[in-house]
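Asker: Sharing a structure, written as structure tokens. Questions coming.
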Amino acid sequence: MRAISFDLWFTLIWEKHPEDEELYTDLRVSSIQNVLRSRGYEVPKELILRVYRGLGHSRMVLSVRELASIISTALGFRDKELVEEIARAYETSTDSFTPRLNEEAAEVLPKLKKVGLKVAIVSNTSFTARGIRRLLNNVGIGEYVDYVLSSSDVGLTKPQRAIFLKLLEQLGYEGSEVVHVGDSCVDDVLGALSSGLRAIYYVGLLKLRKAEADRVCSRLVPTLESLQDLPKVLNILPAED
């Protein structure tokens, strides 16, 4: 075993709904409004918010420039320089946002690094890799993460095989040398296994999003209630056939 990758939300960090999402949504929408205002355009925040929310889950696969272009078009602007300015403001708007830390992650990540494992993150999220690193730094665990792969940067989401293959390409390892840990049976466990990686099903924070462990994945791979058990479980993973 040479590397371990993690899901981000409800594995290493989490957010309280709807409060936290409303907070970083307001930061993003306000940043767009401020850019437009600096250009002399007064656009109601409610209108920008309606367009932003209308993008829904597509925000997880749109680059910041694509998102800025779509929002600008919806608001009646086609200026390329304005699009670039909005994209930059949008990406940095959440730099001050601090999510909620899974304290188990804060304890186990230094141990994984100490034994020489590379640590990566593969996340379905509207935050770019840069944005994810800011979140990790804000909660104090950024120094333990070597690689970050965001769906919004690459236009792919778990459980697609392609996003896991990009992870392996970044790491320079074979799938059998990497374990992926996450709280989604389909996205994290089945996605990783079908892409040639090993997997561990983390269920410790499922209750925070009112979910229950999926029996399919609980029967397939090691299932953890606490990330603190990772070092022990990694030593007993079965060898590849």
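Each chain in the structure tokens gets a letter, A, B, ..., in the order shown, and its residues are numbered from 1; ligands are numbered from 1 in order too.
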Within 12 Å of A:Lys113, counting only C-alpha atoms, which residues qualify if same-chain residues fewer than 4 places away don't, as a PyMOL selection string?
Answerer: chain A and resi 2-4+106-109+117-120+141+143-146+231
Asker: So which residues touch A:Thr223 within 9 Å, counting only C-alpha atoms, skipping near sequence neighbours fewer than 6 positions away, as a ChimeraX atom specification?
Answerer: /A:200-203,217
Asker: Write out as a list in words which residues come within 10 Å of A:Val189 when counting only C-alpha atoms, dropping same-chain ones fewer than 3 positions away.
Answerer: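 The residues satisfying every condition are Lys158, Pro159, Val179, His180, Val181, Gly182, Asp183, Ser184, Cys185, Val186, Ala192, Leu193, Ser194, Ser195, Leu197, Arg198, Ala199, Ile200, Tyr201, Tyr202, Val216, Cys217, Ser218, Leu220 and Val221 of chain A.
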Asker: Write to file, as a compact mmCIF listing (two decimals), in the first residue's frame, the residues of the selection just made, with C-alpha atoms.
Answerer:
```txt
# COMPACT_ATOMS: atom_id res chain seq x y z
CA LYS A 158 -17.30 9.77 -8.81
CA PRO A 159 -18.22 6.96 -9.46
CA VAL A 179 -7.07 2.58 -0.99
CA HIS A 180 -9.98 5.00 -1.32
CA VAL A 181 -12.03 5.90 1.77
CA GLY A 182 -15.44 7.51 1.63
CA ASP A 183 -18.99 7.62 2.94
CA SER A 184 -20.86 6.93 -0.31
CA CYS A 185 -21.43 3.29 -1.22
CA VAL A 186 -21.85 4.06 -4.92
CA ALA A 192 -13.14 2.84 -6.55
CA LEU A 193 -13.50 -0.94 -6.75
CA SER A 194 -14.74 -0.87 -10.33
CA SER A 195 -11.77 1.34 -11.23
CA LEU A 197 -8.58 0.56 -6.50
CA ARG A 198 -9.20 -0.88 -3.06
CA ALA A 199 -11.85 0.69 -0.88
CA ILE A 200 -12.94 1.27 2.71
CA TYR A 201 -16.47 2.31 3.61
CA TYR A 202 -16.56 5.07 6.23
CA VAL A 216 -24.14 -3.89 -0.18
CA CYS A 217 -20.90 -2.06 0.55
CA SER A 218 -20.73 -3.16 4.18
CA LEU A 220 -17.92 -5.93 0.21
CA VAL A 221 -15.20 -4.01 2.02
```
Asker: Tell me which protein, DNA and RNA residues are within 8 Å of A:Thr128, counting only C-alpha atoms, leaving out same-chain ones fewer than 3 positions away, and put them as a ChimeraX atom specification.
Answerer: /A:63-64,91,125,131-132,150-153
Asker: Output as a list in words all residues of stretch 3-208 of chain A that backbone DSSP marks as strand (DSSP E).
Answerer: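 DSSP on the backbone gives strand (DSSP E) at Ala3, Ile4, Ser5, Phe6, Ile13, Trp14, Arg100, Leu101, Lys118, Val119, Ala120, Ile121, Val122, Ser123, Tyr147, Val148, Leu149, Ser150, Val178, Val179, His180, Val181, Gly182, Arg198, Ala199, Ile200, Tyr201 and Tyr202 of chain A.
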Asker: Go ahead and write the residues just picked, C-alpha atoms, as a PDB file, in the first residue's frame.
Answerer:
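Output file part-v9.pdb is given in full below:
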```
ATOM      1  CA  ALA A   3      -1.333   5.835  -0.996  1.00  0.00           C
ATOM      2  CA  ILE A   4      -4.725   6.482   0.526  1.00  0.00           C
ATOM      3  CA  SER A   5      -7.326   8.764  -0.972  1.00  0.00           C
ATOM      4  CA  PHE A   6     -10.291  10.243   0.809  1.00  0.00           C
ATOM      5  CA  ILE A  13     -14.933  17.657   6.853  1.00  0.00           C
ATOM      6  CA  TRP A  14     -18.667  18.293   6.963  1.00  0.00           C
ATOM      7  CA  ARG A 100     -16.633  21.602  10.300  1.00  0.00           C
ATOM      8  CA  LEU A 101     -13.681  19.322  10.936  1.00  0.00           C
ATOM      9  CA  LYS A 118       0.755   9.587   0.131  1.00  0.00           C
ATOM     10  CA  VAL A 119      -2.575  11.203   0.985  1.00  0.00           C
ATOM     11  CA  ALA A 120      -5.021  12.402  -1.668  1.00  0.00           C
ATOM     12  CA  ILE A 121      -8.562  13.721  -1.906  1.00  0.00           C
ATOM     13  CA  VAL A 122     -11.069  12.929  -4.635  1.00  0.00           C
ATOM     14  CA  SER A 123     -14.229  14.972  -4.239  1.00  0.00           C
ATOM     15  CA  TYR A 147      -2.922  15.666  -3.920  1.00  0.00           C
ATOM     16  CA  VAL A 148      -6.396  17.131  -4.449  1.00  0.00           C
ATOM     17  CA  LEU A 149      -8.710  16.168  -7.304  1.00  0.00           C
ATOM     18  CA  SER A 150     -11.949  18.141  -7.644  1.00  0.00           C
ATOM     19  CA  VAL A 178      -4.190   2.782  -3.472  1.00  0.00           C
ATOM     20  CA  VAL A 179      -7.073   2.585  -0.989  1.00  0.00           C
ATOM     21  CA  HIS A 180      -9.983   5.001  -1.322  1.00  0.00           C
ATOM     22  CA  VAL A 181     -12.030   5.896   1.768  1.00  0.00           C
ATOM     23  CA  GLY A 182     -15.444   7.506   1.634  1.00  0.00           C
ATOM     24  CA  ARG A 198      -9.202  -0.880  -3.064  1.00  0.00           C
ATOM     25  CA  ALA A 199     -11.849   0.694  -0.876  1.00  0.00           C
ATOM     26  CA  ILE A 200     -12.944   1.268   2.707  1.00  0.00           C
ATOM     27  CA  TYR A 201     -16.471   2.311   3.607  1.00  0.00           C
ATOM     28  CA  TYR A 202     -16.559   5.070   6.235  1.00  0.00           C
TER      29      TYR A 202
END
```
Asker: Check the DSSP output for the backbone and give back, as an MDAnalysis selection string, the residues of stretch 41-216 of chain A in alpha helix (DSSP H).
Answerer: chainID A and resid 45:54 64:74 80:92 103:114 129:139 151:154 161:171 191:194 215:216
Asker: For the residues in the current selection, export C-alpha atoms as a PDB file, in the first residue's frame.
Answerer:
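Once everything was written out, this is selection_37.pdb:
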```
ATOM      1  CA  LYS A  45     -28.539  39.809  -5.418  1.00  0.00           C
ATOM      2  CA  GLU A  46     -31.795  37.840  -5.582  1.00  0.00           C
ATOM      3  CA  LEU A  47     -31.459  37.541  -9.359  1.00  0.00           C
ATOM      4  CA  ILE A  48     -27.843  36.348  -9.171  1.00  0.00           C
ATOM      5  CA  LEU A  49     -28.857  33.876  -6.462  1.00  0.00           C
ATOM      6  CA  ARG A  50     -31.681  32.512  -8.605  1.00  0.00           C
ATOM      7  CA  VAL A  51     -29.304  31.898 -11.523  1.00  0.00           C
ATOM      8  CA  TYR A  52     -26.677  30.351  -9.239  1.00  0.00           C
ATOM      9  CA  ARG A  53     -29.149  27.974  -7.609  1.00  0.00           C
ATOM     10  CA  GLY A  54     -30.608  27.110 -10.986  1.00  0.00           C
ATOM     11  CA  VAL A  64     -15.206  28.341 -12.541  1.00  0.00           C
ATOM     12  CA  ARG A  65     -14.841  29.963 -15.946  1.00  0.00           C
ATOM     13  CA  GLU A  66     -17.709  27.919 -17.425  1.00  0.00           C
ATOM     14  CA  LEU A  67     -19.859  28.778 -14.433  1.00  0.00           C
ATOM     15  CA  ALA A  68     -18.977  32.471 -14.693  1.00  0.00           C
ATOM     16  CA  SER A  69     -19.791  32.442 -18.402  1.00  0.00           C
ATOM     17  CA  ILE A  70     -23.206  30.845 -17.849  1.00  0.00           C
ATOM     18  CA  ILE A  71     -24.116  33.216 -15.027  1.00  0.00           C
ATOM     19  CA  SER A  72     -22.952  36.236 -17.024  1.00  0.00           C
ATOM     20  CA  THR A  73     -24.984  35.141 -20.031  1.00  0.00           C
ATOM     21  CA  ALA A  74     -28.071  34.636 -17.872  1.00  0.00           C
ATOM     22  CA  LYS A  80     -15.085  37.983 -21.908  1.00  0.00           C
ATOM     23  CA  GLU A  81     -13.024  40.122 -19.573  1.00  0.00           C
ATOM     24  CA  LEU A  82     -15.985  40.380 -17.221  1.00  0.00           C
ATOM     25  CA  VAL A  83     -16.352  36.598 -17.276  1.00  0.00           C
ATOM     26  CA  GLU A  84     -12.709  36.169 -16.270  1.00  0.00           C
ATOM     27  CA  GLU A  85     -13.093  38.719 -13.489  1.00  0.00           C
ATOM     28  CA  ILE A  86     -16.185  36.991 -12.156  1.00  0.00           C
ATOM     29  CA  ALA A  87     -14.442  33.616 -12.310  1.00  0.00           C
ATOM     30  CA  ARG A  88     -11.503  34.875 -10.251  1.00  0.00           C
ATOM     31  CA  ALA A  89     -13.753  36.533  -7.684  1.00  0.00           C
ATOM     32  CA  TYR A  90     -15.998  33.474  -7.420  1.00  0.00           C
ATOM     33  CA  GLU A  91     -13.105  31.081  -6.823  1.00  0.00           C
ATOM     34  CA  THR A  92     -11.559  33.183  -4.059  1.00  0.00           C
ATOM     35  CA  GLU A 103     -11.724  15.355  14.553  1.00  0.00           C
ATOM     36  CA  GLU A 104     -10.962  11.731  13.658  1.00  0.00           C
ATOM     37  CA  ALA A 105      -9.295  12.983  10.474  1.00  0.00           C
ATOM     38  CA  ALA A 106      -7.127  15.396  12.457  1.00  0.00           C
ATOM     39  CA  GLU A 107      -5.851  12.468  14.512  1.00  0.00           C
ATOM     40  CA  VAL A 108      -5.300   9.889  11.776  1.00  0.00           C
ATOM     41  CA  LEU A 109      -3.827  11.943   8.929  1.00  0.00           C
ATOM     42  CA  PRO A 110      -0.514  12.679  10.713  1.00  0.00           C
ATOM     43  CA  LYS A 111      -0.163   8.950  11.438  1.00  0.00           C
ATOM     44  CA  LEU A 112      -0.655   8.045   7.785  1.00  0.00           C
ATOM     45  CA  LYS A 113       1.950  10.566   6.709  1.00  0.00           C
ATOM     46  CA  LYS A 114       4.348   9.341   9.374  1.00  0.00           C
ATOM     47  CA  ALA A 129      -8.759  22.016  -5.860  1.00  0.00           C
ATOM     48  CA  ARG A 130      -7.492  25.436  -4.824  1.00  0.00           C
ATOM     49  CA  GLY A 131     -10.684  26.034  -2.880  1.00  0.00           C
ATOM     50  CA  ILE A 132     -10.453  22.630  -1.205  1.00  0.00           C
ATOM     51  CA  ARG A 133      -6.920  23.359  -0.069  1.00  0.00           C
ATOM     52  CA  ARG A 134      -8.133  26.586   1.526  1.00  0.00           C
ATOM     53  CA  LEU A 135     -10.852  24.653   3.362  1.00  0.00           C
ATOM     54  CA  LEU A 136      -8.305  22.115   4.589  1.00  0.00           C
ATOM     55  CA  ASN A 137      -5.948  24.860   5.722  1.00  0.00           C
ATOM     56  CA  ASN A 138      -8.790  26.631   7.489  1.00  0.00           C
ATOM     57  CA  VAL A 139      -9.506  23.533   9.595  1.00  0.00           C
ATOM     58  CA  SER A 151     -14.813  17.189  -9.934  1.00  0.00           C
ATOM     59  CA  SER A 152     -15.349  20.836 -10.877  1.00  0.00           C
ATOM     60  CA  ASP A 153     -11.791  21.062 -12.179  1.00  0.00           C
ATOM     61  CA  VAL A 154     -11.856  17.920 -14.301  1.00  0.00           C
ATOM     62  CA  ARG A 161     -13.843   5.416 -13.692  1.00  0.00           C
ATOM     63  CA  ALA A 162     -12.114   8.338 -15.398  1.00  0.00           C
ATOM     64  CA  ILE A 163     -11.799  10.424 -12.242  1.00  0.00           C
ATOM     65  CA  PHE A 164     -10.156   7.563 -10.349  1.00  0.00           C
ATOM     66  CA  LEU A 165      -7.804   6.962 -13.266  1.00  0.00           C
ATOM     67  CA  LYS A 166      -6.820  10.638 -13.092  1.00  0.00           C
ATOM     68  CA  LEU A 167      -6.028  10.096  -9.433  1.00  0.00           C
ATOM     69  CA  LEU A 168      -3.769   7.151 -10.258  1.00  0.00           C
ATOM     70  CA  GLU A 169      -2.102   9.215 -12.979  1.00  0.00           C
ATOM     71  CA  GLN A 170      -1.369  11.996 -10.486  1.00  0.00           C
ATOM     72  CA  LEU A 171      -0.046   9.554  -7.907  1.00  0.00           C
ATOM     73  CA  GLY A 191     -16.579   3.630  -7.949  1.00  0.00           C
ATOM     74  CA  ALA A 192     -13.139   2.839  -6.546  1.00  0.00           C
ATOM     75  CA  LEU A 193     -13.496  -0.941  -6.751  1.00  0.00           C
ATOM     76  CA  SER A 194     -14.740  -0.869 -10.333  1.00  0.00           C
ATOM     77  CA  ARG A 215     -25.482  -3.254   3.304  1.00  0.00           C
ATOM     78  CA  VAL A 216     -24.140  -3.890  -0.182  1.00  0.00           C
TER      79      VAL A 216
END
```
Asker: May I ask for the distance between atom CA of A:Glu42 and atom CA of A:Leu75, given in Å to one decimal place?
Answerer: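 Computing it gives 11.0 Å between the two atoms.
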